[in-house]
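For reference, my_file-v3.cif is printed below; it contains mmCIF, C-alpha atoms.
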data_my_file
loop_
_atom_site.group_PDB
_atom_site.id
_atom_site.type_symbol
_atom_site.label_atom_id
_atom_site.label_comp_id
_atom_site.auth_asym_id
_atom_site.auth_seq_id
_atom_site.Cartn_x
_atom_site.Cartn_y
_atom_site.Cartn_z
ATOM 1 C CA MET A 1 57.785 -5.504 25.615
ATOM 2 C CA LEU A 2 54.863 -7.934 25.257
ATOM 3 C CA LYS A 3 55.601 -11.638 25.009
ATOM 4 C CA PRO A 4 55.162 -12.949 21.427
ATOM 5 C CA HIS A 5 52.102 -15.111 22.276
ATOM 6 C CA ARG A 6 50.445 -11.994 23.759
ATOM 7 C CA VAL A 7 50.902 -10.128 20.478
ATOM 8 C CA VAL A 8 49.298 -12.981 18.560
ATOM 9 C CA LEU A 9 46.433 -13.229 21.063
ATOM 10 C CA GLU A 10 45.735 -9.499 20.876
ATOM 11 C CA LYS A 11 45.775 -9.536 17.095
ATOM 12 C CA VAL A 12 43.368 -12.481 16.959
ATOM 13 C CA SER A 13 41.012 -10.948 19.500
ATOM 14 C CA SER A 14 40.993 -7.604 17.661
ATOM 15 C CA TYR A 15 40.081 -9.419 14.425
ATOM 16 C CA THR A 16 37.234 -11.297 16.140
ATOM 17 C CA GLU A 17 35.964 -8.034 17.646
ATOM 18 C CA GLU A 18 35.990 -6.441 14.194
ATOM 19 C CA ALA A 19 34.097 -9.419 12.757
ATOM 20 C CA ALA A 20 31.526 -9.304 15.562
ATOM 21 C CA ALA A 21 31.007 -5.554 14.999
ATOM 22 C CA PHE A 22 30.590 -6.164 11.273
ATOM 23 C CA MET A 23 27.949 -8.820 11.935
ATOM 24 C CA ARG A 24 26.134 -6.521 14.375
ATOM 25 C CA ARG A 25 26.134 -3.695 11.814
ATOM 26 C CA ARG A 26 24.929 -6.025 9.082
ATOM 27 C CA ARG A 27 22.124 -7.375 11.276
ATOM 28 C CA HIS A 28 21.073 -3.831 12.146
ATOM 29 C CA HIS A 29 21.128 -2.711 8.498
ATOM 30 C CA ARG A 30 19.138 -5.683 7.300
ATOM 31 C CA ARG A 31 16.455 -5.111 9.923
ATOM 32 C CA GLU A 32 13.007 -4.593 8.420
ATOM 33 C CA PHE A 33 10.626 -2.146 10.051
ATOM 34 C CA VAL A 34 7.405 -0.198 9.643
ATOM 35 C CA ARG A 35 7.669 3.274 11.137
ATOM 36 C CA ILE A 36 4.713 5.657 11.199
ATOM 37 C CA ARG A 37 4.720 9.304 12.202
ATOM 38 C CA PHE A 38 1.487 11.033 13.160
ATOM 39 C CA ARG A 39 0.306 14.641 12.850
ATOM 40 C CA SER A 40 0.416 14.867 16.664
ATOM 41 C CA GLY A 41 4.206 14.437 16.445
ATOM 42 C CA ALA A 42 4.107 10.930 17.877
ATOM 43 C CA GLU A 43 5.992 8.154 16.147
ATOM 44 C CA ALA A 44 5.411 4.411 16.272
ATOM 45 C CA ASP A 45 7.348 1.374 15.100
ATOM 46 C CA LEU A 46 4.603 -1.137 14.360
ATOM 47 C CA PRO A 47 5.620 -4.482 15.870
ATOM 48 C CA VAL A 48 6.494 -6.999 13.163
ATOM 49 C CA GLY A 49 4.022 -9.877 13.173
ATOM 50 C CA THR A 50 0.923 -7.800 13.886
ATOM 51 C CA PRO A 51 -1.718 -7.850 11.117
ATOM 52 C CA GLU A 52 -1.374 -4.080 10.496
ATOM 53 C CA ALA A 53 2.418 -4.196 10.138
ATOM 54 C CA ASP A 54 2.260 -7.327 7.971
ATOM 55 C CA ARG A 55 -0.303 -5.761 5.625
ATOM 56 C CA ILE A 56 1.828 -2.610 5.253
ATOM 57 C CA ALA A 57 5.079 -4.559 4.828
ATOM 58 C CA GLU A 58 3.464 -6.866 2.276
ATOM 59 C CA ALA A 59 2.185 -3.934 0.159
ATOM 60 C CA ALA A 60 5.562 -2.178 0.467
ATOM 61 C CA GLY A 61 7.343 -5.381 -0.601
ATOM 62 C CA ARG A 62 5.146 -5.712 -3.686
ATOM 63 C CA LEU A 63 5.792 -2.058 -4.558
ATOM 64 C CA ILE A 64 9.566 -2.579 -4.267
ATOM 65 C CA GLU A 65 9.333 -5.714 -6.428
ATOM 66 C CA LEU A 66 7.487 -3.792 -9.148
ATOM 67 C CA GLY A 67 10.353 -1.298 -9.143
ATOM 68 C CA MET B 1 11.278 5.162 -14.764
ATOM 69 C CA ALA B 2 8.337 5.644 -17.135
ATOM 70 C CA ASP B 3 5.529 8.118 -16.847
ATOM 71 C CA VAL B 4 2.111 6.483 -16.429
ATOM 72 C CA SER B 5 -0.327 9.008 -17.938
ATOM 73 C CA THR B 6 -3.068 10.391 -15.693
ATOM 74 C CA GLU B 7 -4.580 12.949 -18.076
ATOM 75 C CA THR B 8 -8.318 13.580 -17.794
ATOM 76 C CA GLY B 9 -10.674 15.842 -19.717
ATOM 77 C CA ASP B 10 -10.700 18.539 -17.002
ATOM 78 C CA PRO B 11 -8.179 21.367 -17.778
ATOM 79 C CA GLY B 12 -7.745 22.195 -14.055
ATOM 80 C CA GLU B 13 -6.964 18.582 -13.227
ATOM 81 C CA ASN B 14 -4.671 18.345 -16.230
ATOM 82 C CA SER B 15 -2.621 21.354 -15.119
ATOM 83 C CA LEU B 16 -2.348 19.883 -11.604
ATOM 84 C CA ALA B 17 -1.301 16.552 -13.127
ATOM 85 C CA ALA B 18 1.288 18.325 -15.300
ATOM 86 C CA ALA B 19 2.668 20.247 -12.294
ATOM 87 C CA ALA B 20 2.731 17.023 -10.238
ATOM 88 C CA ASP B 21 4.559 15.333 -13.070
ATOM 89 C CA ARG B 22 7.246 18.009 -13.059
ATOM 90 C CA VAL B 23 7.476 17.849 -9.254
ATOM 91 C CA LEU B 24 8.175 14.102 -9.542
ATOM 92 C CA ASP B 25 10.816 14.785 -12.220
ATOM 93 C CA ASN B 26 12.518 17.272 -9.889
ATOM 94 C CA LEU B 27 12.325 14.790 -7.022
ATOM 95 C CA ALA B 28 13.956 12.132 -9.206
ATOM 96 C CA GLU B 29 16.802 14.573 -9.899
ATOM 97 C CA LEU B 30 17.236 15.257 -6.186
ATOM 98 C CA GLU B 31 17.071 11.566 -5.254
ATOM 99 C CA PRO B 32 19.291 9.437 -7.482
ATOM 100 C CA GLU B 33 18.153 6.320 -5.589
ATOM 101 C CA LEU B 34 14.482 6.936 -6.425
ATOM 102 C CA VAL B 35 12.962 3.921 -8.169
ATOM 103 C CA GLY B 36 9.324 4.969 -8.489
ATOM 104 C CA ALA B 37 6.953 7.587 -7.107
ATOM 105 C CA ALA B 38 3.324 8.619 -7.252
ATOM 106 C CA ILE B 39 1.218 11.501 -5.993
ATOM 107 C CA PHE B 40 -2.354 10.945 -4.843
ATOM 108 C CA GLY B 41 -5.100 13.465 -4.085
ATOM 109 C CA PRO B 42 -7.134 13.832 -0.873
ATOM 110 C CA GLU B 43 -9.574 11.085 -1.881
ATOM 111 C CA GLY B 44 -6.794 8.743 -2.939
ATOM 112 C CA GLU B 45 -7.180 9.634 -6.625
ATOM 113 C CA ARG B 46 -4.032 9.243 -8.696
ATOM 114 C CA ILE B 47 -2.539 12.569 -9.857
ATOM 115 C CA ALA B 48 0.887 11.643 -11.226
ATOM 116 C CA VAL B 49 2.970 8.485 -11.419
ATOM 117 C CA LYS B 50 6.593 7.806 -12.321
ATOM 118 C CA ALA B 51 7.062 4.069 -12.437
ATOM 119 C CA ASP B 52 7.768 1.306 -14.915
ATOM 120 C CA SER B 53 4.865 -0.929 -13.981
ATOM 121 C CA GLU B 54 1.199 -0.253 -14.761
ATOM 122 C CA ARG B 55 0.314 -1.936 -11.442
ATOM 123 C CA TRP B 56 2.496 0.430 -9.407
ATOM 124 C CA PRO B 57 -0.209 3.065 -8.651
ATOM 125 C CA SER B 58 -2.785 0.514 -7.495
ATOM 126 C CA VAL B 59 -0.289 -1.201 -5.167
ATOM 127 C CA ALA B 60 0.783 2.240 -3.861
ATOM 128 C CA ALA B 61 -2.889 3.015 -3.180
ATOM 129 C CA GLU B 62 -3.173 -0.305 -1.297
ATOM 130 C CA LEU B 63 -0.156 0.680 0.789
ATOM 131 C CA LEU B 64 -1.726 4.051 1.590
ATOM 132 C CA ALA B 65 -4.938 2.333 2.660
ATOM 133 C CA ALA B 66 -2.975 -0.125 4.827
ATOM 134 C CA LEU B 67 -1.085 2.756 6.472
ATOM 135 C CA GLU B 68 -4.315 4.644 7.170
ATOM 136 C CA ALA B 69 -5.756 1.483 8.723
ATOM 137 C CA GLY B 70 -2.573 0.949 10.732
ATOM 138 C CA SER B 71 -2.697 4.516 12.078
ATOM 139 C CA GLY B 72 -5.932 3.829 13.941
ATOM 140 C CA ASP B 73 -7.494 7.026 15.292
ATOM 141 C CA GLU B 74 -4.370 9.130 14.698
ATOM 142 C CA ASP B 75 -3.805 11.249 11.573
ATOM 143 C CA LEU B 76 -1.050 9.806 9.409
ATOM 144 C CA ASP B 77 1.742 12.272 8.651
ATOM 145 C CA SER B 78 4.449 10.092 7.126
ATOM 146 C CA ALA B 79 5.753 6.547 7.071
ATOM 147 C CA HIS B 80 8.988 4.724 6.379
ATOM 148 C CA VAL B 81 8.982 1.031 5.581
ATOM 149 C CA ALA B 82 12.304 -0.775 5.203
ATOM 150 C CA ARG B 83 12.508 -4.152 3.488
ATOM 151 C CA ALA B 84 15.564 -6.231 2.634
ATOM 152 C CA ASP B 85 15.737 -4.961 -0.942
ATOM 153 C CA GLY B 86 14.396 -1.421 -0.769
ATOM 154 C CA GLU B 87 12.638 1.256 1.212
ATOM 155 C CA VAL B 88 9.263 2.907 0.849
ATOM 156 C CA PHE B 89 8.503 6.433 2.016
ATOM 157 C CA VAL B 90 5.078 8.008 2.338
ATOM 158 C CA VAL B 91 4.514 11.684 3.124
ATOM 159 C CA LYS B 92 1.183 13.484 3.435
ATOM 160 C CA GLU B 93 1.113 17.245 3.023
ATOM 161 C CA SER B 94 -1.312 19.893 1.772
ATOM 162 C CA GLY B 95 -3.999 17.256 1.265
ATOM 163 C CA LEU B 96 -1.743 15.280 -1.070
ATOM 164 C CA SER B 97 0.104 11.994 -0.526
ATOM 165 C CA LEU B 98 3.429 11.098 -2.068
ATOM 166 C CA VAL B 99 4.580 7.475 -2.140
ATOM 167 C CA ALA B 100 8.171 6.766 -3.181
ATOM 168 C CA VAL B 101 10.311 3.645 -3.461
ATOM 169 C CA THR B 102 14.076 4.004 -3.123
ATOM 170 C CA GLY B 103 17.082 1.749 -2.909
ATOM 171 C CA ARG B 104 18.246 0.518 0.503
ATOM 172 C CA PHE B 105 20.151 2.781 2.939
ATOM 173 C CA VAL B 106 19.135 6.193 1.596
ATOM 174 C CA LEU B 107 19.180 9.083 4.069
ATOM 175 C CA ALA B 108 15.649 8.778 5.414
ATOM 176 C CA SER B 109 15.285 12.268 6.886
ATOM 177 C CA LEU B 110 16.608 13.911 3.719
ATOM 178 C CA THR B 111 14.315 11.866 1.475
ATOM 179 C CA SER B 112 11.269 12.649 3.631
ATOM 180 C CA TYR B 113 12.210 16.341 3.659
ATOM 181 C CA ASP B 114 12.553 16.483 -0.139
ATOM 182 C CA MET B 115 9.225 14.701 -0.536
ATOM 183 C CA ARG B 116 7.503 17.092 1.875
ATOM 184 C CA MET B 117 8.946 20.131 0.083
ATOM 185 C CA ALA B 118 7.807 18.704 -3.266
ATOM 186 C CA LEU B 119 4.253 18.273 -1.960
ATOM 187 C CA ARG B 120 4.274 21.701 -0.296
ATOM 188 C CA ASP B 121 5.364 23.220 -3.573
ATOM 189 C CA LEU B 122 2.629 21.399 -5.449
ATOM 190 C CA GLY B 123 0.060 22.374 -2.788
ATOM 191 C CA ARG B 124 1.038 26.029 -3.177
ATOM 192 C CA GLY B 125 0.742 25.699 -6.932
ATOM 193 C CA LYS B 126 -2.702 24.147 -6.462
ATOM 194 C CA THR B 127 -3.958 27.296 -4.726
ATOM 195 C CA THR B 128 -2.025 29.875 -6.801
ATOM 196 C CA GLY B 129 -2.081 27.960 -10.074
ATOM 197 C CA ARG B 130 1.721 27.786 -10.038
ATOM 198 C CA ALA B 131 4.274 25.416 -8.443
ATOM 199 C CA GLU B 132 7.758 26.843 -7.895
ATOM 200 C CA ASN B 133 9.684 23.712 -8.765
ATOM 201 C CA GLY B 134 7.013 22.012 -10.773
ATOM 202 C CA GLY B 135 4.909 24.668 -12.448
ATOM 203 C CA ASP B 136 5.654 27.000 -15.316
#
Represent the structure from my file as structure tokens, please.
Amino acid sequence: MLKPHRVVLEKVSSYTEEAAAFMRRRRHHRREFVRIRFRSGAEADLPVGTPEADRIAEAAGRLIELG
Amino acid sequence: MADVSTETGDPGENSLAAAADRVLDNLAELEPELVGAAIFGPEGERIAVKADSERWPSVAAELLAALEAGSGDEDLDSAHVARADGEVFVVKESGLSLVAVTGRFVLASLTSYDMRMALRDLGRGKTTGRAENGGD
């Protein structure tokens, strides 16, 4: 049988792991991206911060705002 | 989601616009998270729009132009843009472009597939004068 302090430690660490996983998932879900697929079959994630990606993201943002 | 009228004097264009309108209605039924959508022709001309704002089609056209510019020398097939409060999908098929805004976290591959099928259907209707899911 585990010593009582071990049980508490394991419980606390499992909660912190859950919280960390939740934060990771949330960060991943909130990630913004611009993904383009070409006729050739190639696919590209335009790097955020480039003028092309910013122009696309800005137009997409305005479209979403308009609803 | 309101219907922004695109009727012109040309009967051929009007029937295409009517079929495109029905295709967008069907798409809205398939995609409960759909917020707005528009179909554009090969030259970027507006064919049908389902959106609440009058400015929607012009901003969608700007987005299409930005995507074409961002594609460089490659031919654009489709695009998926995710923002914090929504997602935008663009699919090009049969010489037509469909731009759609949805809520966040929709199934991207399913949405793109439905959009492609809608355009394919409309493209078929364009050549045969009849769209399976959009035409009479």
Given the PyMOL selection byres ((chain B and resi 40) around 12), the residues it picks as an NGL selection string: :B and (6 or 16-17 or 20-21 or 24 or 37-39 or 41-49 or 57-58 or 60-65 or 90-100 or 119 or 122-123)
Result set of the PyMOL selection byres ((chain B) within 10 of (chain A)) on the coordinates above, as an NGL selection string: :B and (1 or 34-37 or 51-72 or 74-92 or 99-105)
Written selection (C-alpha atoms) as an mmCIF file, in the coordinates of the input:
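Output file out_36.cif is given in full below:
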data_model
loop_
_atom_site.group_PDB
_atom_site.id
_atom_site.type_symbol
_atom_site.label_atom_id
_atom_site.label_comp_id
_atom_site.auth_asym_id
_atom_site.auth_seq_id
_atom_site.Cartn_x
_atom_site.Cartn_y
_atom_site.Cartn_z
ATOM 1 C CA MET B 1 11.278 5.162 -14.764
ATOM 2 C CA LEU B 34 14.482 6.936 -6.425
ATOM 3 C CA VAL B 35 12.962 3.921 -8.169
ATOM 4 C CA GLY B 36 9.324 4.969 -8.489
ATOM 5 C CA ALA B 37 6.953 7.587 -7.107
ATOM 6 C CA ALA B 51 7.062 4.069 -12.437
ATOM 7 C CA ASP B 52 7.768 1.306 -14.915
ATOM 8 C CA SER B 53 4.865 -0.929 -13.981
ATOM 9 C CA GLU B 54 1.199 -0.253 -14.761
ATOM 10 C CA ARG B 55 0.314 -1.936 -11.442
ATOM 11 C CA TRP B 56 2.496 0.430 -9.407
ATOM 12 C CA PRO B 57 -0.209 3.065 -8.651
ATOM 13 C CA SER B 58 -2.785 0.514 -7.495
ATOM 14 C CA VAL B 59 -0.289 -1.201 -5.167
ATOM 15 C CA ALA B 60 0.783 2.240 -3.861
ATOM 16 C CA ALA B 61 -2.889 3.015 -3.180
ATOM 17 C CA GLU B 62 -3.173 -0.305 -1.297
ATOM 18 C CA LEU B 63 -0.156 0.680 0.789
ATOM 19 C CA LEU B 64 -1.726 4.051 1.590
ATOM 20 C CA ALA B 65 -4.938 2.333 2.660
ATOM 21 C CA ALA B 66 -2.975 -0.125 4.827
ATOM 22 C CA LEU B 67 -1.085 2.756 6.472
ATOM 23 C CA GLU B 68 -4.315 4.644 7.170
ATOM 24 C CA ALA B 69 -5.756 1.483 8.723
ATOM 25 C CA GLY B 70 -2.573 0.949 10.732
ATOM 26 C CA SER B 71 -2.697 4.516 12.078
ATOM 27 C CA GLY B 72 -5.932 3.829 13.941
ATOM 28 C CA GLU B 74 -4.370 9.130 14.698
ATOM 29 C CA ASP B 75 -3.805 11.249 11.573
ATOM 30 C CA LEU B 76 -1.050 9.806 9.409
ATOM 31 C CA ASP B 77 1.742 12.272 8.651
ATOM 32 C CA SER B 78 4.449 10.092 7.126
ATOM 33 C CA ALA B 79 5.753 6.547 7.071
ATOM 34 C CA HIS B 80 8.988 4.724 6.379
ATOM 35 C CA VAL B 81 8.982 1.031 5.581
ATOM 36 C CA ALA B 82 12.304 -0.775 5.203
ATOM 37 C CA ARG B 83 12.508 -4.152 3.488
ATOM 38 C CA ALA B 84 15.564 -6.231 2.634
ATOM 39 C CA ASP B 85 15.737 -4.961 -0.942
ATOM 40 C CA GLY B 86 14.396 -1.421 -0.769
ATOM 41 C CA GLU B 87 12.638 1.256 1.212
ATOM 42 C CA VAL B 88 9.263 2.907 0.849
ATOM 43 C CA PHE B 89 8.503 6.433 2.016
ATOM 44 C CA VAL B 90 5.078 8.008 2.338
ATOM 45 C CA VAL B 91 4.514 11.684 3.124
ATOM 46 C CA LYS B 92 1.183 13.484 3.435
ATOM 47 C CA VAL B 99 4.580 7.475 -2.140
ATOM 48 C CA ALA B 100 8.171 6.766 -3.181
ATOM 49 C CA VAL B 101 10.311 3.645 -3.461
ATOM 50 C CA THR B 102 14.076 4.004 -3.123
ATOM 51 C CA GLY B 103 17.082 1.749 -2.909
ATOM 52 C CA ARG B 104 18.246 0.518 0.503
ATOM 53 C CA PHE B 105 20.151 2.781 2.939
#
As JSON, please: the centre and edge lengths in Å, to one decimal, of an axis-aligned box enclosing every listed atom of range 32-40 of chain A with 5 Å added on each side.
{"center_x": 6.7, "center_y": 5.1, "center_z": 12.5, "size_x": 22.7, "size_y": 29.5, "size_z": 18.2}
Separation of CA of Lys3 in chain A from CA of Glu18 in chain A in Å: 23.0 Å
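Relative to CA of Ala20 in chain A, CA of Leu2 in chain A is found at 25.3 Å.
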Interatomic distance (Å, one decimal) between CA of Lys11 in chain A and CA of Met23 in chain A: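 A separation of 18.6 Å between them.
Using all atoms listed in the file, the smallest distance between any of B:Ser15, B:Gly125, B:Leu30, B:Asp73 and Thr111 in chain B comes from B:Leu30.
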8 Å contact set for Leu27 in chain B, only C-alpha atoms, chain neighbours under 2 positions out, as number ranges by chain: B: 23-25, 29-31, 114-115, 118
Can you give me N, CA and C atoms for range 32-64 of chain B, written as a PDB file, in the coordinates of the input?
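Now in rebuild-v1.pdb:
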ATOM      1  N   PRO B  32      18.817  10.386  -6.462  1.00  0.00           N
ATOM      2  CA  PRO B  32      19.291   9.437  -7.482  1.00  0.00           C
ATOM      3  C   PRO B  32      18.872   7.993  -7.218  1.00  0.00           C
ATOM      4  N   GLU B  33      18.542   7.698  -5.947  1.00  0.00           N
ATOM      5  CA  GLU B  33      18.153   6.320  -5.589  1.00  0.00           C
ATOM      6  C   GLU B  33      16.654   6.072  -5.781  1.00  0.00           C
ATOM      7  N   LEU B  34      15.937   7.084  -6.258  1.00  0.00           N
ATOM      8  CA  LEU B  34      14.482   6.936  -6.425  1.00  0.00           C
ATOM      9  C   LEU B  34      14.183   5.922  -7.527  1.00  0.00           C
ATOM     10  N   VAL B  35      13.309   4.966  -7.205  1.00  0.00           N
ATOM     11  CA  VAL B  35      12.962   3.921  -8.169  1.00  0.00           C
ATOM     12  C   VAL B  35      11.608   4.209  -8.813  1.00  0.00           C
ATOM     13  N   GLY B  36      10.660   4.644  -7.994  1.00  0.00           N
ATOM     14  CA  GLY B  36       9.324   4.969  -8.489  1.00  0.00           C
ATOM     15  C   GLY B  36       8.632   5.890  -7.508  1.00  0.00           C
ATOM     16  N   ALA B  37       7.667   6.667  -8.004  1.00  0.00           N
ATOM     17  CA  ALA B  37       6.953   7.587  -7.107  1.00  0.00           C
ATOM     18  C   ALA B  37       5.588   7.906  -7.686  1.00  0.00           C
ATOM     19  N   ALA B  38       4.662   8.240  -6.799  1.00  0.00           N
ATOM     20  CA  ALA B  38       3.324   8.619  -7.252  1.00  0.00           C
ATOM     21  C   ALA B  38       2.731   9.625  -6.277  1.00  0.00           C
ATOM     22  N   ILE B  39       1.917  10.516  -6.831  1.00  0.00           N
ATOM     23  CA  ILE B  39       1.218  11.501  -5.993  1.00  0.00           C
ATOM     24  C   ILE B  39      -0.282  11.223  -6.084  1.00  0.00           C
ATOM     25  N   PHE B  40      -0.918  11.202  -4.915  1.00  0.00           N
ATOM     26  CA  PHE B  40      -2.354  10.945  -4.843  1.00  0.00           C
ATOM     27  C   PHE B  40      -3.052  12.151  -4.223  1.00  0.00           C
ATOM     28  N   GLY B  41      -4.306  12.356  -4.614  1.00  0.00           N
ATOM     29  CA  GLY B  41      -5.100  13.465  -4.085  1.00  0.00           C
ATOM     30  C   GLY B  41      -5.734  13.109  -2.759  1.00  0.00           C
ATOM     31  N   PRO B  42      -6.536  14.040  -2.205  1.00  0.00           N
ATOM     32  CA  PRO B  42      -7.134  13.832  -0.873  1.00  0.00           C
ATOM     33  C   PRO B  42      -8.030  12.598  -0.790  1.00  0.00           C
ATOM     34  N   GLU B  43      -8.685  12.252  -1.889  1.00  0.00           N
ATOM     35  CA  GLU B  43      -9.574  11.085  -1.881  1.00  0.00           C
ATOM     36  C   GLU B  43      -8.862   9.820  -2.370  1.00  0.00           C
ATOM     37  N   GLY B  44      -7.572   9.905  -2.489  1.00  0.00           N
ATOM     38  CA  GLY B  44      -6.794   8.743  -2.939  1.00  0.00           C
ATOM     39  C   GLY B  44      -6.740   8.630  -4.447  1.00  0.00           C
ATOM     40  N   GLU B  45      -7.214   9.684  -5.155  1.00  0.00           N
ATOM     41  CA  GLU B  45      -7.180   9.634  -6.625  1.00  0.00           C
ATOM     42  C   GLU B  45      -5.746   9.873  -7.117  1.00  0.00           C
ATOM     43  N   ARG B  46      -5.391   9.167  -8.159  1.00  0.00           N
ATOM     44  CA  ARG B  46      -4.032   9.243  -8.696  1.00  0.00           C
ATOM     45  C   ARG B  46      -3.845  10.549  -9.474  1.00  0.00           C
ATOM     46  N   ILE B  47      -2.800  11.299  -9.163  1.00  0.00           N
ATOM     47  CA  ILE B  47      -2.539  12.569  -9.857  1.00  0.00           C
ATOM     48  C   ILE B  47      -1.360  12.434 -10.820  1.00  0.00           C
ATOM     49  N   ALA B  48      -0.274  11.846 -10.339  1.00  0.00           N
ATOM     50  CA  ALA B  48       0.887  11.643 -11.226  1.00  0.00           C
ATOM     51  C   ALA B  48       1.659  10.412 -10.771  1.00  0.00           C
ATOM     52  N   VAL B  49       2.225   9.716 -11.722  1.00  0.00           N
ATOM     53  CA  VAL B  49       2.970   8.485 -11.419  1.00  0.00           C
ATOM     54  C   VAL B  49       4.248   8.438 -12.248  1.00  0.00           C
ATOM     55  N   LYS B  50       5.337   8.071 -11.605  1.00  0.00           N
ATOM     56  CA  LYS B  50       6.593   7.806 -12.321  1.00  0.00           C
ATOM     57  C   LYS B  50       7.021   6.409 -11.921  1.00  0.00           C
ATOM     58  N   ALA B  51       6.699   5.457 -12.746  1.00  0.00           N
ATOM     59  CA  ALA B  51       7.062   4.069 -12.437  1.00  0.00           C
ATOM     60  C   ALA B  51       7.015   3.263 -13.720  1.00  0.00           C
ATOM     61  N   ASP B  52       7.712   2.128 -13.709  1.00  0.00           N
ATOM     62  CA  ASP B  52       7.768   1.306 -14.915  1.00  0.00           C
ATOM     63  C   ASP B  52       6.548   0.410 -15.060  1.00  0.00           C
ATOM     64  N   SER B  53       5.963   0.027 -13.927  1.00  0.00           N
ATOM     65  CA  SER B  53       4.865  -0.929 -13.981  1.00  0.00           C
ATOM     66  C   SER B  53       3.507  -0.229 -13.958  1.00  0.00           C
ATOM     67  N   GLU B  54       2.576  -0.760 -14.730  1.00  0.00           N
ATOM     68  CA  GLU B  54       1.199  -0.253 -14.761  1.00  0.00           C
ATOM     69  C   GLU B  54       0.508  -0.499 -13.416  1.00  0.00           C
ATOM     70  N   ARG B  55       0.967  -1.564 -12.709  1.00  0.00           N
ATOM     71  CA  ARG B  55       0.314  -1.936 -11.442  1.00  0.00           C
ATOM     72  C   ARG B  55       0.797  -1.087 -10.272  1.00  0.00           C
ATOM     73  N   TRP B  56       1.867  -0.343 -10.493  1.00  0.00           N
ATOM     74  CA  TRP B  56       2.496   0.430  -9.407  1.00  0.00           C
ATOM     75  C   TRP B  56       1.498   1.312  -8.655  1.00  0.00           C
ATOM     76  N   PRO B  57       0.711   2.161  -9.372  1.00  0.00           N
ATOM     77  CA  PRO B  57      -0.209   3.065  -8.651  1.00  0.00           C
ATOM     78  C   PRO B  57      -1.235   2.332  -7.788  1.00  0.00           C
ATOM     79  N   SER B  58      -1.753   1.209  -8.280  1.00  0.00           N
ATOM     80  CA  SER B  58      -2.785   0.514  -7.495  1.00  0.00           C
ATOM     81  C   SER B  58      -2.175  -0.117  -6.238  1.00  0.00           C
ATOM     82  N   VAL B  59      -0.945  -0.628  -6.358  1.00  0.00           N
ATOM     83  CA  VAL B  59      -0.289  -1.201  -5.167  1.00  0.00           C
ATOM     84  C   VAL B  59       0.070  -0.076  -4.186  1.00  0.00           C
ATOM     85  N   ALA B  60       0.482   1.084  -4.728  1.00  0.00           N
ATOM     86  CA  ALA B  60       0.783   2.240  -3.861  1.00  0.00           C
ATOM     87  C   ALA B  60      -0.479   2.684  -3.122  1.00  0.00           C
ATOM     88  N   ALA B  61      -1.625   2.648  -3.818  1.00  0.00           N
ATOM     89  CA  ALA B  61      -2.889   3.015  -3.180  1.00  0.00           C
ATOM     90  C   ALA B  61      -3.240   2.017  -2.078  1.00  0.00           C
ATOM     91  N   GLU B  62      -2.951   0.733  -2.326  1.00  0.00           N
ATOM     92  CA  GLU B  62      -3.173  -0.305  -1.297  1.00  0.00           C
ATOM     93  C   GLU B  62      -2.318  -0.027  -0.062  1.00  0.00           C
ATOM     94  N   LEU B  63      -1.071   0.379  -0.319  1.00  0.00           N
ATOM     95  CA  LEU B  63      -0.156   0.680   0.789  1.00  0.00           C
ATOM     96  C   LEU B  63      -0.691   1.868   1.598  1.00  0.00           C
ATOM     97  N   LEU B  64      -1.168   2.885   0.891  1.00  0.00           N
ATOM     98  CA  LEU B  64      -1.726   4.051   1.590  1.00  0.00           C
ATOM     99  C   LEU B  64      -2.908   3.642   2.464  1.00  0.00           C
TER     100      LEU B  64
END
